[in-house]
Structures are given as C-alpha cells and as structure tokens.
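Here's final33.cif, which has mmCIF, C-alpha atoms and all ligand atoms:
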data_target
#
loop_
_atom_site.label_atom_id
_atom_site.label_comp_id
_atom_site.auth_asym_id
_atom_site.auth_seq_id
_atom_site.Cartn_x
_atom_site.Cartn_y
_atom_site.Cartn_z
CA MET A 1 -14.50 -8.91 17.54
CA GLU A 2 -17.96 -9.15 15.91
CA ASP A 3 -18.67 -5.40 15.91
CA ARG A 4 -15.43 -4.53 14.25
CA VAL A 5 -15.72 -7.22 11.60
CA ALA A 6 -19.06 -6.01 10.32
CA GLY A 7 -18.36 -3.72 7.41
CA ALA A 8 -14.58 -3.88 7.70
CA ALA A 9 -12.44 -4.67 4.67
CA VAL A 10 -9.48 -6.06 6.57
CA VAL A 11 -9.32 -7.20 10.17
CA ALA A 12 -6.22 -8.46 11.94
CA GLU A 13 -6.85 -9.76 15.44
CA SER A 14 -3.96 -10.62 17.76
CA ALA A 15 -2.03 -11.54 14.64
CA SER A 16 1.51 -12.89 14.87
CA LYS A 17 4.03 -14.04 12.32
CA LEU A 18 7.15 -15.89 13.35
CA PHE A 19 10.02 -16.98 11.14
CA LEU A 20 12.80 -19.51 11.61
CA GLU A 21 10.90 -21.52 14.21
CA GLY A 22 10.30 -18.45 16.32
CA ALA A 23 13.84 -17.04 16.17
CA VAL A 24 12.44 -14.00 14.33
CA VAL A 25 9.13 -12.53 15.42
CA ALA A 26 8.07 -10.18 12.61
CA PHE A 27 4.92 -8.97 14.33
CA GLN A 28 3.04 -10.12 17.39
CA GLY A 29 -0.34 -9.35 18.93
CA LEU A 30 -1.14 -7.04 16.06
CA THR A 31 -4.73 -5.86 15.96
CA LEU A 32 -5.91 -3.57 13.21
CA THR A 33 -9.22 -2.85 11.51
CA VAL A 34 -9.40 -1.26 8.11
CA PRO A 35 -12.93 -0.03 7.28
CA ARG A 36 -14.17 -0.37 3.70
CA HIS A 37 -12.97 2.36 1.39
CA ASP A 38 -10.53 3.64 3.96
CA VAL A 39 -6.92 4.37 3.19
CA MET A 40 -4.86 2.98 6.05
CA CYS A 41 -1.27 4.15 5.95
CA ILE A 42 1.20 2.07 7.92
CA VAL A 43 4.42 3.58 9.21
CA GLY A 44 7.00 1.79 11.32
CA PRO A 45 10.72 1.15 11.51
CA SER A 46 12.46 -1.20 9.10
CA GLY A 47 12.03 -4.86 9.95
CA CYS A 48 8.85 -4.45 12.04
CA GLY A 49 6.91 -6.74 9.74
CA LYS A 50 5.09 -4.32 7.43
CA THR A 51 5.82 -6.23 4.23
CA THR A 52 5.11 -9.52 5.96
CA LEU A 53 1.73 -8.20 7.11
CA LEU A 54 0.80 -7.21 3.54
CA ARG A 55 1.96 -10.61 2.29
CA CYS A 56 -0.34 -12.24 4.85
CA VAL A 57 -3.27 -10.09 3.70
CA ALA A 58 -2.44 -11.05 0.10
CA GLY A 59 -2.53 -14.70 1.14
CA LEU A 60 1.07 -15.26 0.07
CA THR A 61 2.08 -16.47 3.51
CA GLU A 62 0.17 -17.52 6.62
CA LEU A 63 -0.10 -16.05 10.09
CA THR A 64 1.52 -18.09 12.84
CA ASN A 65 -1.19 -17.08 15.34
CA GLY A 66 -4.30 -14.96 15.44
CA HIS A 67 -6.92 -14.09 12.87
CA LEU A 68 -6.92 -12.26 9.60
CA LEU A 69 -10.12 -11.51 7.70
CA VAL A 70 -10.58 -9.89 4.31
CA TYR A 71 -14.17 -8.85 3.68
CA GLY A 72 -15.25 -11.03 6.58
CA LYS A 73 -13.56 -14.20 5.34
CA PRO A 74 -10.51 -15.80 6.93
CA VAL A 75 -7.53 -15.54 4.59
CA ASN A 76 -6.62 -18.93 3.28
CA GLY A 77 -4.62 -18.45 0.09
CA PRO A 78 -4.86 -15.31 -2.08
CA PRO A 79 -8.30 -13.74 -1.48
CA GLU A 80 -10.35 -12.54 -4.40
CA GLY A 81 -10.29 -8.82 -5.02
CA VAL A 82 -6.88 -8.09 -3.53
CA ALA A 83 -4.06 -6.59 -5.63
CA MET A 84 -0.58 -5.43 -4.73
CA VAL A 85 1.79 -2.70 -5.90
CA PHE A 86 5.47 -3.31 -5.12
CA GLN A 87 8.32 -0.98 -4.20
CA GLN A 88 10.49 -2.32 -7.02
CA PHE A 89 7.56 -2.19 -9.50
CA GLY A 90 7.63 -5.95 -10.13
CA LEU A 91 7.36 -5.66 -13.91
CA LEU A 92 8.35 -8.45 -16.26
CA PRO A 93 11.27 -7.04 -18.30
CA TRP A 94 10.51 -9.11 -21.40
CA LYS A 95 6.93 -7.91 -21.63
CA THR A 96 5.69 -4.60 -23.01
CA VAL A 97 3.87 -1.96 -20.99
CA TYR A 98 0.59 -3.27 -22.39
CA ASP A 99 1.36 -6.91 -21.56
CA ASN A 100 2.60 -6.01 -18.09
CA ALA A 101 -0.57 -4.04 -17.38
CA ALA A 102 -2.62 -6.94 -18.76
CA PHE A 103 -0.72 -9.59 -16.82
CA GLY A 104 -3.00 -9.97 -13.79
CA LEU A 105 -6.11 -10.05 -15.95
CA ALA A 106 -4.57 -12.57 -18.35
CA MET A 107 -3.55 -14.80 -15.42
CA ALA A 108 -7.14 -14.67 -14.20
CA GLY A 109 -8.32 -15.95 -17.60
CA THR A 110 -10.15 -12.73 -18.51
CA PRO A 111 -11.52 -12.61 -22.10
CA THR A 112 -9.24 -10.71 -24.50
CA THR A 113 -11.80 -8.05 -25.37
CA THR A 114 -12.32 -7.23 -21.68
CA ILE A 115 -8.55 -7.12 -21.15
CA ARG A 116 -8.18 -4.74 -24.09
CA GLU A 117 -10.85 -2.40 -22.75
CA ARG A 118 -9.65 -2.40 -19.17
CA VAL A 119 -5.96 -2.05 -19.96
CA ALA A 120 -6.65 0.84 -22.35
CA HIS A 121 -8.74 2.55 -19.67
CA TYR A 122 -6.15 2.19 -16.93
CA LEU A 123 -3.12 3.04 -19.04
CA ASP A 124 -5.01 6.21 -19.93
CA LEU A 125 -5.83 6.87 -16.27
CA VAL A 126 -2.17 6.64 -15.23
CA GLY A 127 -0.99 8.73 -18.19
CA LEU A 128 0.71 6.06 -20.30
CA VAL A 129 -1.14 6.37 -23.60
CA GLY A 130 1.44 6.09 -26.39
CA PHE A 131 3.79 3.87 -24.37
CA GLU A 132 1.92 0.58 -24.78
CA ARG A 133 4.66 -1.02 -26.90
CA HIS A 134 7.57 0.17 -24.79
CA TYR A 135 9.54 -2.17 -22.55
CA PRO A 136 10.20 -1.44 -18.87
CA TYR A 137 13.90 -0.63 -19.49
CA GLN A 138 12.82 2.18 -21.82
CA LEU A 139 10.82 3.85 -19.04
CA SER A 140 11.75 6.04 -16.07
CA GLY A 141 11.08 4.69 -12.57
CA GLY A 142 7.99 6.86 -12.27
CA MET A 143 6.57 5.50 -15.51
CA GLN A 144 7.37 1.94 -14.49
CA GLN A 145 5.42 2.41 -11.29
CA ARG A 146 2.53 3.85 -13.31
CA VAL A 147 2.49 0.49 -15.10
CA GLY A 148 2.52 -1.28 -11.72
CA LEU A 149 -0.42 0.82 -10.64
CA ALA A 150 -2.34 0.23 -13.88
CA ARG A 151 -1.76 -3.51 -13.58
CA ALA A 152 -3.19 -3.53 -10.05
CA LEU A 153 -6.11 -1.18 -10.81
CA ALA A 154 -7.06 -3.14 -13.94
CA LEU A 155 -7.98 -6.04 -11.66
CA ASN A 156 -10.58 -3.74 -10.07
CA PRO A 157 -9.60 -4.94 -6.60
CA HIS A 158 -11.60 -4.20 -3.46
CA VAL A 159 -8.36 -3.99 -1.54
CA LEU A 160 -5.20 -2.45 -2.90
CA LEU A 161 -1.99 -3.28 -1.05
CA MET A 162 0.81 -0.79 -1.58
CA ASP A 163 4.25 -1.66 -0.20
CA GLU A 164 6.27 1.57 -0.24
CA PRO A 165 5.24 2.08 -3.87
CA PHE A 166 6.96 5.43 -4.28
CA ALA A 167 10.05 4.82 -2.14
CA ALA A 168 12.31 4.02 -5.10
CA LEU A 169 11.44 7.26 -6.91
CA ASP A 170 13.12 10.64 -6.76
CA ALA A 171 11.42 13.26 -4.61
CA GLN A 172 9.75 15.18 -7.43
CA THR A 173 8.49 12.10 -9.27
CA ARG A 174 7.18 10.87 -5.97
CA GLU A 175 5.17 14.05 -5.43
CA VAL A 176 3.75 13.83 -8.93
CA LEU A 177 2.66 10.23 -8.37
CA GLN A 178 1.14 11.07 -4.99
CA GLU A 179 -0.96 13.73 -6.70
CA GLU A 180 -1.95 11.29 -9.44
CA LEU A 181 -2.98 8.72 -6.88
CA LEU A 182 -5.08 11.32 -5.03
CA ARG A 183 -6.72 12.22 -8.33
CA ILE A 184 -7.48 8.56 -9.12
CA MET A 185 -8.75 7.92 -5.58
CA ALA A 186 -11.15 10.85 -5.89
CA ARG A 187 -12.99 9.13 -8.76
CA PRO A 188 -16.21 7.53 -7.48
CA ASP A 189 -15.57 4.45 -9.66
CA GLU A 190 -12.12 3.94 -8.11
CA ARG A 191 -13.04 4.00 -4.43
CA LYS A 192 -11.31 1.15 -2.72
CA THR A 193 -9.72 0.09 0.49
CA MET A 194 -6.02 0.67 0.60
CA LEU A 195 -3.23 -0.47 2.87
CA PHE A 196 -0.35 1.81 2.09
CA ILE A 197 3.06 1.27 3.67
CA THR A 198 5.39 4.22 3.71
CA HIS A 199 8.38 5.56 5.58
CA SER A 200 7.24 9.08 4.84
CA ILE A 201 5.05 10.73 7.46
CA ASP A 202 4.19 13.42 4.91
CA GLU A 203 3.02 10.81 2.43
CA ALA A 204 0.93 9.11 5.12
CA LEU A 205 -0.73 12.42 6.08
CA LEU A 206 -1.36 13.31 2.47
CA LEU A 207 -2.88 9.99 1.40
CA GLY A 208 -4.29 8.34 4.51
CA ASP A 209 -7.63 8.43 6.30
CA ARG A 210 -5.89 6.78 9.22
CA ILE A 211 -2.29 6.11 10.09
CA ALA A 212 -1.17 3.06 12.05
CA VAL A 213 2.15 3.66 13.76
CA LEU A 214 3.87 0.32 14.36
CA SER A 215 6.45 -0.44 17.03
CA ALA A 216 9.87 -1.91 16.38
CA ARG A 217 9.97 -5.70 15.87
CA PRO A 218 7.91 -7.48 16.98
CA GLY A 219 5.53 -5.06 15.33
CA ARG A 220 2.23 -4.11 16.92
CA VAL A 221 0.08 -1.03 16.57
CA ARG A 222 1.54 1.63 18.83
CA GLU A 223 -1.00 4.26 17.89
CA LEU A 224 -3.82 4.73 15.42
CA ILE A 225 -4.21 8.26 14.16
CA GLU A 226 -7.24 9.71 12.40
CA VAL A 227 -6.26 12.03 9.61
CA PRO A 228 -8.62 15.01 9.76
CA PHE A 229 -8.31 16.22 6.17
CA GLY A 230 -11.35 15.66 3.94
CA ARG A 231 -11.50 14.56 0.31
CA PRO A 232 -10.95 15.46 -2.42
CA ARG A 233 -7.55 16.57 -1.18
CA GLU A 234 -5.19 19.15 -2.51
CA PRO A 235 -1.60 18.58 -1.38
CA ALA A 236 -0.95 22.32 -0.99
CA ALA A 237 -4.07 22.79 1.14
CA VAL A 238 -3.20 19.76 3.30
CA ARG A 239 0.32 21.03 3.94
CA ALA A 240 -0.95 24.53 4.73
CA ASP A 241 -3.49 23.20 7.26
CA ARG A 242 -2.48 24.23 10.78
CA ARG A 243 -3.10 20.67 12.04
CA TYR A 244 -0.56 19.27 9.58
CA ALA A 245 2.61 20.32 11.40
CA THR A 246 1.23 19.27 14.78
CA LEU A 247 0.25 15.81 13.52
CA ARG A 248 3.54 15.40 11.72
CA GLU A 249 5.45 16.14 14.89
CA HIS A 250 3.22 13.90 16.98
CA ILE A 251 3.71 10.94 14.63
CA TRP A 252 7.45 11.49 14.54
CA ASP A 253 7.49 11.59 18.37
CA GLN A 254 5.80 8.18 18.34
CA LEU A 255 8.10 6.80 15.68
CA ARG A 256 11.45 8.16 16.85
CA PRO A 257 11.95 5.80 19.83
CA GLU A 258 10.84 2.83 17.73
CA VAL A 259 13.27 3.67 14.95
CA ALA A 260 16.07 4.05 17.52
CA LEU A 261 15.15 0.69 19.05
CA ALA A 262 15.09 -1.00 15.64
CA GLY A 263 18.51 0.50 14.90
CA ARG A 264 20.00 -0.88 18.11
CA GLU A 265 18.51 -4.32 17.41
CA ALA A 266 20.02 -4.25 13.92
CA LEU A 267 23.46 -3.48 15.39
CA LYS A 268 23.16 -6.46 17.76
CA ALA A 269 22.18 -8.84 14.96
N1 LIG B 1 10.86 -15.38 4.58
C1 LIG B 1 11.48 -14.93 5.68
N2 LIG B 1 12.26 -15.75 6.43
C2 LIG B 1 12.87 -15.33 7.56
N3 LIG B 1 12.75 -14.08 8.05
C3 LIG B 1 11.99 -13.21 7.35
C4 LIG B 1 11.32 -13.59 6.15
N4 LIG B 1 10.64 -12.51 5.69
C5 LIG B 1 10.88 -11.52 6.57
N5 LIG B 1 11.68 -11.93 7.56
C6 LIG B 1 12.13 -11.14 8.72
O1 LIG B 1 10.96 -10.64 9.37
C7 LIG B 1 11.17 -9.30 9.83
C8 LIG B 1 10.15 -8.38 9.21
O2 LIG B 1 10.42 -8.24 7.82
P1 LIG B 1 9.57 -7.30 6.87
O3 LIG B 1 8.15 -7.69 6.94
O4 LIG B 1 10.20 -7.31 5.54
O5 LIG B 1 9.77 -5.87 7.57
P2 LIG B 1 9.48 -4.40 7.03
O6 LIG B 1 8.76 -4.52 5.74
O7 LIG B 1 8.69 -3.76 8.12
O8 LIG B 1 10.81 -3.73 6.88
C9 LIG B 1 12.62 -8.98 9.46
O9 LIG B 1 13.44 -9.24 10.56
C10 LIG B 1 12.91 -9.92 8.32
O10 LIG B 1 14.29 -10.20 8.25
MG MG B 2 9.16 -3.83 3.83
#

What's the structure tokens form of this structure?
Amino acid sequence: MEDRVAGAAVVAESASKLFLEGAVVAFQGLTLTVPRHDVMCIVGPSGCGKTTLLRCVAGLTELTNGHLLVYGKPVNGPPEGVAMVFQQFGLLPWKTVYDNAAFGLAMAGTPTTTIRERVAHYLDLVGLVGFERHYPYQLSGGMQQRVGLARALALNPHVLLMDEPFAALDAQTREVLQEELLRIMARPDERKTMLFITHSIDEALLLGDRIAVLSARPGRVRELIEVPFGRPREPAAVRADRRYATLREHIWDQLRPEVALAGREALKA
C-alpha cells in the first residue's frame, strides 16, 4: 500500500461499510486511490454505497473494516481541508445567499474580514454578484447550487466531495453548471482533488480524469477508466472526440449488468 499512499489525496484500501449489524453491506473490499489534483468520477447503480463512501471520506461516519486515508492520514472524524457539495444543495433557508456561502467559514471561526473577502470572491466566481441578500427560496435550483459550490470553495479545501451535485437540475442548467465547473477547475488557484459522484456517464467523461465504475451493492470498484481528454476542456471538443462514443459505450457496458442486478435486488427487498 505504501507506493500508492505517497502523493495520493485519498486512499481506500479493502474498505467496507456495513449497516444494521451487517444486514446491509453498502460497500465491501473497496480499494481506490485518488491522486492529488485528480478528478475521480464515481458511477454505480443506486444503493451501491457511493454516498456512504463520501460520508466516510468526510469523516461523518466510520468504515466497518479496512483503511481510509486523506492526505496520508487515517480518517478519524472530519479531516481538515475536505468540503462537500450536496445533491439537494443543503442550504439553510433562513439565511441569505451571503450567509449561506459564509457558513462553513463562520463555523470554522474565520475572522470576519477574511470571510468578507473570500465570500465576495467566490460569489463572484460562481456568478452570484447582486444576489447576496436573496434567500434560497428566491433562487432557481441552479443558483442555489452555485451557492452550495461557493460555500464549499470558500473553505479552500484540498478535497472537494461532490455527491450528484447537478442531479436535481434540469438538463440545460446542468450543462451550464458543468461548463462553469470546468472553467473554475481550469484556474491554477482552484486546482483541487475532487470525488464526483454522478449517474451520468457523459458528465463523468466531461469532468473526470478517471472514472471508477462501481458494482451493485456491496459496492467495489469494477473498473477504473482513464479519461484521455486533456485540460483545459471544452465540452464541444470532448463530445466530438472520436474516443468519446467508444468510452461512453464501454462504461455503459460495464454499468448495465450492475444496474440490472441492483434493480432485481431492490425488487426482492
Ligand atoms: N444510516 C444508514 N442506515 C442503514 N442503512 C443505510 C444507511 N445509510 C445508507 N444505508 C444503506 O446503504 C446502502 C448504500 O446507500 P448509499 O450510500 O446511499 O448508496 P448510493 O449513494 O450509492 O445510492 C443502501 O442500501 C442504503 O439503504
Ligand atoms: Mg447517493
């Protein structure tokens, strides 16, 4: 394991997570290495433990067995430098855009002047200047997730955990936010490691440096795919690349039997 740990941002080694005294095995024997500054997209059928894995990396719950390291340190409570973006945005409805974006920093006891600077910078970066005093209910889903992104980025995390962040958005808003994220990721000052869960193979190919295809529950890595497209990336150029369709089909061939299996398991339950 030593070779892989050196320089990696996140390492899971034979990791398992069981619930209900073993009645539910979310994932088992899961081994995955995420190099620093890599974007690792994770695809896999519903219920294969993707969210649980991110929660373990975030230190919100513990592995049952195996090892999990973030920047070389075993996870034991929320590690420093890890931030999360949620599918349902996770905004506090009674707080303004500004206060939501500032929330993580405020919780960390950051001085007000620093908060002001950082929040202004990141609200600008995600295109929310002028909306600081709005409340979440006054915003579209896409704008709410921009707040979620600003809140996470403002913490300047080494590792950004994204749990289907665009899944609740309509198709066009989703494309716009994918492009925005690519633009932000291309900035040298915003390079970070990302674990990005998605059900969309297209999204994984567009955003990822690697794609981990997980099996049905209990989840393990069925295949690890290197995404050959360089950065900075243009969505149109990626989709026009002749390797795109081949990879897309290959990943779907890997995923299809797992999704079918997960569906049958769900019917039994
Ligand atoms: N706190 C919990 N208690 C019991 N079972 C859980 C808990 N959290 C998740 N599970 C179960 O673990 C499995 C994996 O869940 P999850 O990580 O949410 O999957 P995914 O995100 O891949 O859809 C599911 O069967 C789910 O019902
Ligand atoms: Mg999930």

All residues within 12 Å of ligand LIG 1 (chain B) are required, counting all atoms listed in the file; please report them as a short mmCIF file (atom, residue, chain, number, x, y, z; two decimals) with C-alpha atoms, in the coordinates of the input.
data_model
loop_
_atom_site.label_atom_id
_atom_site.label_comp_id
_atom_site.auth_asym_id
_atom_site.auth_seq_id
_atom_site.Cartn_x
_atom_site.Cartn_y
_atom_site.Cartn_z
CA SER A 16 1.51 -12.89 14.87
CA LYS A 17 4.03 -14.04 12.32
CA LEU A 18 7.15 -15.89 13.35
CA PHE A 19 10.02 -16.98 11.14
CA LEU A 20 12.80 -19.51 11.61
CA GLU A 21 10.90 -21.52 14.21
CA GLY A 22 10.30 -18.45 16.32
CA ALA A 23 13.84 -17.04 16.17
CA VAL A 24 12.44 -14.00 14.33
CA VAL A 25 9.13 -12.53 15.42
CA ALA A 26 8.07 -10.18 12.61
CA PHE A 27 4.92 -8.97 14.33
CA GLN A 28 3.04 -10.12 17.39
CA ILE A 42 1.20 2.07 7.92
CA VAL A 43 4.42 3.58 9.21
CA GLY A 44 7.00 1.79 11.32
CA PRO A 45 10.72 1.15 11.51
CA SER A 46 12.46 -1.20 9.10
CA GLY A 47 12.03 -4.86 9.95
CA CYS A 48 8.85 -4.45 12.04
CA GLY A 49 6.91 -6.74 9.74
CA LYS A 50 5.09 -4.32 7.43
CA THR A 51 5.82 -6.23 4.23
CA THR A 52 5.11 -9.52 5.96
CA LEU A 53 1.73 -8.20 7.11
CA LEU A 54 0.80 -7.21 3.54
CA ARG A 55 1.96 -10.61 2.29
CA CYS A 56 -0.34 -12.24 4.85
CA LEU A 60 1.07 -15.26 0.07
CA THR A 61 2.08 -16.47 3.51
CA GLU A 62 0.17 -17.52 6.62
CA PHE A 86 5.47 -3.31 -5.12
CA GLN A 87 8.32 -0.98 -4.20
CA MET A 162 0.81 -0.79 -1.58
CA ASP A 163 4.25 -1.66 -0.20
CA GLU A 164 6.27 1.57 -0.24
CA PHE A 196 -0.35 1.81 2.09
CA ILE A 197 3.06 1.27 3.67
CA THR A 198 5.39 4.22 3.71
CA HIS A 199 8.38 5.56 5.58
CA VAL A 213 2.15 3.66 13.76
CA LEU A 214 3.87 0.32 14.36
CA SER A 215 6.45 -0.44 17.03
CA ALA A 216 9.87 -1.91 16.38
CA ARG A 217 9.97 -5.70 15.87
CA PRO A 218 7.91 -7.48 16.98
CA GLY A 219 5.53 -5.06 15.33
CA ARG A 220 2.23 -4.11 16.92
CA GLU A 258 10.84 2.83 17.73
CA VAL A 259 13.27 3.67 14.95
CA ALA A 262 15.09 -1.00 15.64
CA GLY A 263 18.51 0.50 14.90
CA GLU A 265 18.51 -4.32 17.41
CA ALA A 266 20.02 -4.25 13.92
CA ALA A 269 22.18 -8.84 14.96
#

Could you check which of A:Trp252, A:Phe103, A:Tyr135, A:Trp94 is closest to A:Leu155, using all atoms listed in the file? A:Phe103

One decimal, in Å: what's the spacing between atom CA of A:Arg264 and atom CA of A:Leu161? 29.3 Å

Distance criterion (all atoms listed in the file): nearest to ligand MG 2 (chain B) out of A:Leu247, A:Gly208, A:Ala167, A:Gln254: A:Ala167

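The shortest atom-to-atom distance to A:Leu224, with only C-alpha atoms taken into account, belongs to A:Ile251 out of A:Ile251, A:Val10, A:Leu206, A:Leu123.
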
Please, which residues are within 8 Å of (-0.8, -0.8, -13.3) by the file's coordinates, counting only C-alpha atoms, and could they come as a PyMOL selection string? chain A and resi 100-101+122-123+126+145-154

List as a list in words the protein and nucleic acid residues near A:Pro235, meaning an atom at most 9 Å away when all atoms listed in the file are counted, but skip any in the same chain fewer than 2 places from it. Gln178, Glu179, Leu182, Leu206, Arg233, Ala237, Val238, Arg239 and Ala240 of chain A

May I have the selected residues written with C-alpha atoms, as a PDB file, in the frame of the given file?
ATOM      1  CA  GLN A 178       1.140  11.070  -4.990  1.00  0.00           C
ATOM      2  CA  GLU A 179      -0.960  13.730  -6.700  1.00  0.00           C
ATOM      3  CA  LEU A 182      -5.080  11.320  -5.030  1.00  0.00           C
ATOM      4  CA  LEU A 206      -1.360  13.310   2.470  1.00  0.00           C
ATOM      5  CA  ARG A 233      -7.550  16.570  -1.180  1.00  0.00           C
ATOM      6  CA  ALA A 237      -4.070  22.790   1.140  1.00  0.00           C
ATOM      7  CA  VAL A 238      -3.200  19.760   3.300  1.00  0.00           C
ATOM      8  CA  ARG A 239       0.320  21.030   3.940  1.00  0.00           C
ATOM      9  CA  ALA A 240      -0.950  24.530   4.730  1.00  0.00           C
TER      10      ALA A 240
END

As an exercise, work out the distance from atom CA of A:Val221 to atom CA of A:Gly72 in Å and give it to one decimal place. 20.9 Å

Using the partial input, fill out stretch 143-153 of chain A with all heavy atoms; write the result as a PDB file, in the frame of the given file.
ATOM      1  N   MET A 143       7.453   6.102 -14.508  1.00  0.00           N
ATOM      2  CA  MET A 143       6.570   5.500 -15.510  1.00  0.00           C
ATOM      3  C   MET A 143       6.420   4.008 -15.256  1.00  0.00           C
ATOM      4  O   MET A 143       5.335   3.434 -15.458  1.00  0.00           O
ATOM      5  CB  MET A 143       7.111   5.767 -16.923  1.00  0.00           C
ATOM      6  CG  MET A 143       6.942   7.222 -17.326  1.00  0.00           C
ATOM      7  SD  MET A 143       7.924   7.629 -18.768  1.00  0.00           S
ATOM      8  CE  MET A 143       6.871   7.068 -20.076  1.00  0.00           C
ATOM      9  N   GLN A 144       7.492   3.369 -14.806  1.00  0.00           N
ATOM     10  CA  GLN A 144       7.370   1.940 -14.490  1.00  0.00           C
ATOM     11  C   GLN A 144       6.357   1.716 -13.377  1.00  0.00           C
ATOM     12  O   GLN A 144       5.563   0.786 -13.419  1.00  0.00           O
ATOM     13  CB  GLN A 144       8.737   1.371 -14.089  1.00  0.00           C
ATOM     14  CG  GLN A 144       9.708   1.303 -15.253  1.00  0.00           C
ATOM     15  CD  GLN A 144      10.990   0.578 -14.867  1.00  0.00           C
ATOM     16  OE1 GLN A 144      10.965  -0.527 -14.353  1.00  0.00           O
ATOM     17  NE2 GLN A 144      12.114   1.221 -15.125  1.00  0.00           N
ATOM     18  N   GLN A 145       6.376   2.611 -12.381  1.00  0.00           N
ATOM     19  CA  GLN A 145       5.420   2.410 -11.290  1.00  0.00           C
ATOM     20  C   GLN A 145       3.997   2.747 -11.740  1.00  0.00           C
ATOM     21  O   GLN A 145       3.036   2.207 -11.206  1.00  0.00           O
ATOM     22  CB  GLN A 145       5.822   3.202 -10.037  1.00  0.00           C
ATOM     23  CG  GLN A 145       5.060   2.807  -8.789  1.00  0.00           C
ATOM     24  CD  GLN A 145       5.154   1.311  -8.460  1.00  0.00           C
ATOM     25  OE1 GLN A 145       4.812   0.434  -9.277  1.00  0.00           O
ATOM     26  NE2 GLN A 145       5.634   0.991  -7.272  1.00  0.00           N
ATOM     27  N   ARG A 146       3.866   3.618 -12.737  1.00  0.00           N
ATOM     28  CA  ARG A 146       2.530   3.850 -13.310  1.00  0.00           C
ATOM     29  C   ARG A 146       2.003   2.556 -13.917  1.00  0.00           C
ATOM     30  O   ARG A 146       0.811   2.253 -13.828  1.00  0.00           O
ATOM     31  CB  ARG A 146       2.582   4.942 -14.381  1.00  0.00           C
ATOM     32  CG  ARG A 146       2.735   6.345 -13.818  1.00  0.00           C
ATOM     33  CD  ARG A 146       3.043   7.345 -14.928  1.00  0.00           C
ATOM     34  NE  ARG A 146       3.472   8.615 -14.383  1.00  0.00           N
ATOM     35  CZ  ARG A 146       2.655   9.663 -14.202  1.00  0.00           C
ATOM     36  NH1 ARG A 146       1.402   9.592 -14.561  1.00  0.00           N
ATOM     37  NH2 ARG A 146       3.112  10.771 -13.663  1.00  0.00           N
ATOM     38  N   VAL A 147       2.902   1.790 -14.539  1.00  0.00           N
ATOM     39  CA  VAL A 147       2.490   0.490 -15.100  1.00  0.00           C
ATOM     40  C   VAL A 147       2.055  -0.440 -13.955  1.00  0.00           C
ATOM     41  O   VAL A 147       1.018  -1.112 -14.043  1.00  0.00           O
ATOM     42  CB  VAL A 147       3.616  -0.173 -15.922  1.00  0.00           C
ATOM     43  CG1 VAL A 147       3.123  -1.493 -16.520  1.00  0.00           C
ATOM     44  CG2 VAL A 147       4.124   0.755 -17.015  1.00  0.00           C
ATOM     45  N   GLY A 148       2.855  -0.442 -12.883  1.00  0.00           N
ATOM     46  CA  GLY A 148       2.520  -1.280 -11.720  1.00  0.00           C
ATOM     47  C   GLY A 148       1.146  -0.942 -11.168  1.00  0.00           C
ATOM     48  O   GLY A 148       0.369  -1.823 -10.791  1.00  0.00           O
ATOM     49  N   LEU A 149       0.864   0.359 -11.146  1.00  0.00           N
ATOM     50  CA  LEU A 149      -0.420   0.820 -10.640  1.00  0.00           C
ATOM     51  C   LEU A 149      -1.553   0.420 -11.590  1.00  0.00           C
ATOM     52  O   LEU A 149      -2.608  -0.064 -11.149  1.00  0.00           O
ATOM     53  CB  LEU A 149      -0.354   2.350 -10.485  1.00  0.00           C
ATOM     54  CG  LEU A 149      -1.422   3.037  -9.662  1.00  0.00           C
ATOM     55  CD1 LEU A 149      -1.511   2.454  -8.264  1.00  0.00           C
ATOM     56  CD2 LEU A 149      -1.132   4.545  -9.582  1.00  0.00           C
ATOM     57  N   ALA A 150      -1.312   0.600 -12.890  1.00  0.00           N
ATOM     58  CA  ALA A 150      -2.340   0.230 -13.880  1.00  0.00           C
ATOM     59  C   ALA A 150      -2.633  -1.268 -13.805  1.00  0.00           C
ATOM     60  O   ALA A 150      -3.792  -1.688 -13.872  1.00  0.00           O
ATOM     61  CB  ALA A 150      -1.886   0.611 -15.290  1.00  0.00           C
ATOM     62  N   ARG A 151      -1.572  -2.058 -13.650  1.00  0.00           N
ATOM     63  CA  ARG A 151      -1.760  -3.510 -13.580  1.00  0.00           C
ATOM     64  C   ARG A 151      -2.642  -3.888 -12.386  1.00  0.00           C
ATOM     65  O   ARG A 151      -3.525  -4.747 -12.502  1.00  0.00           O
ATOM     66  CB  ARG A 151      -0.390  -4.195 -13.451  1.00  0.00           C
ATOM     67  CG  ARG A 151      -0.466  -5.702 -13.330  1.00  0.00           C
ATOM     68  CD  ARG A 151       0.900  -6.324 -13.128  1.00  0.00           C
ATOM     69  NE  ARG A 151       1.596  -5.686 -12.023  1.00  0.00           N
ATOM     70  CZ  ARG A 151       2.888  -5.821 -11.768  1.00  0.00           C
ATOM     71  NH1 ARG A 151       3.630  -6.576 -12.553  1.00  0.00           N
ATOM     72  NH2 ARG A 151       3.437  -5.216 -10.747  1.00  0.00           N
ATOM     73  N   ALA A 152      -2.393  -3.228 -11.241  1.00  0.00           N
ATOM     74  CA  ALA A 152      -3.190  -3.530 -10.050  1.00  0.00           C
ATOM     75  C   ALA A 152      -4.621  -3.013 -10.206  1.00  0.00           C
ATOM     76  O   ALA A 152      -5.582  -3.727  -9.913  1.00  0.00           O
ATOM     77  CB  ALA A 152      -2.533  -2.917  -8.817  1.00  0.00           C
ATOM     78  N   LEU A 153      -4.771  -1.771 -10.693  1.00  0.00           N
ATOM     79  CA  LEU A 153      -6.110  -1.180 -10.810  1.00  0.00           C
ATOM     80  C   LEU A 153      -6.969  -1.922 -11.833  1.00  0.00           C
ATOM     81  O   LEU A 153      -8.188  -2.029 -11.673  1.00  0.00           O
ATOM     82  CB  LEU A 153      -6.017   0.295 -11.202  1.00  0.00           C
ATOM     83  CG  LEU A 153      -5.454   1.248 -10.136  1.00  0.00           C
ATOM     84  CD1 LEU A 153      -5.284   2.648 -10.726  1.00  0.00           C
ATOM     85  CD2 LEU A 153      -6.351   1.294  -8.902  1.00  0.00           C
TER      86      LEU A 153
END
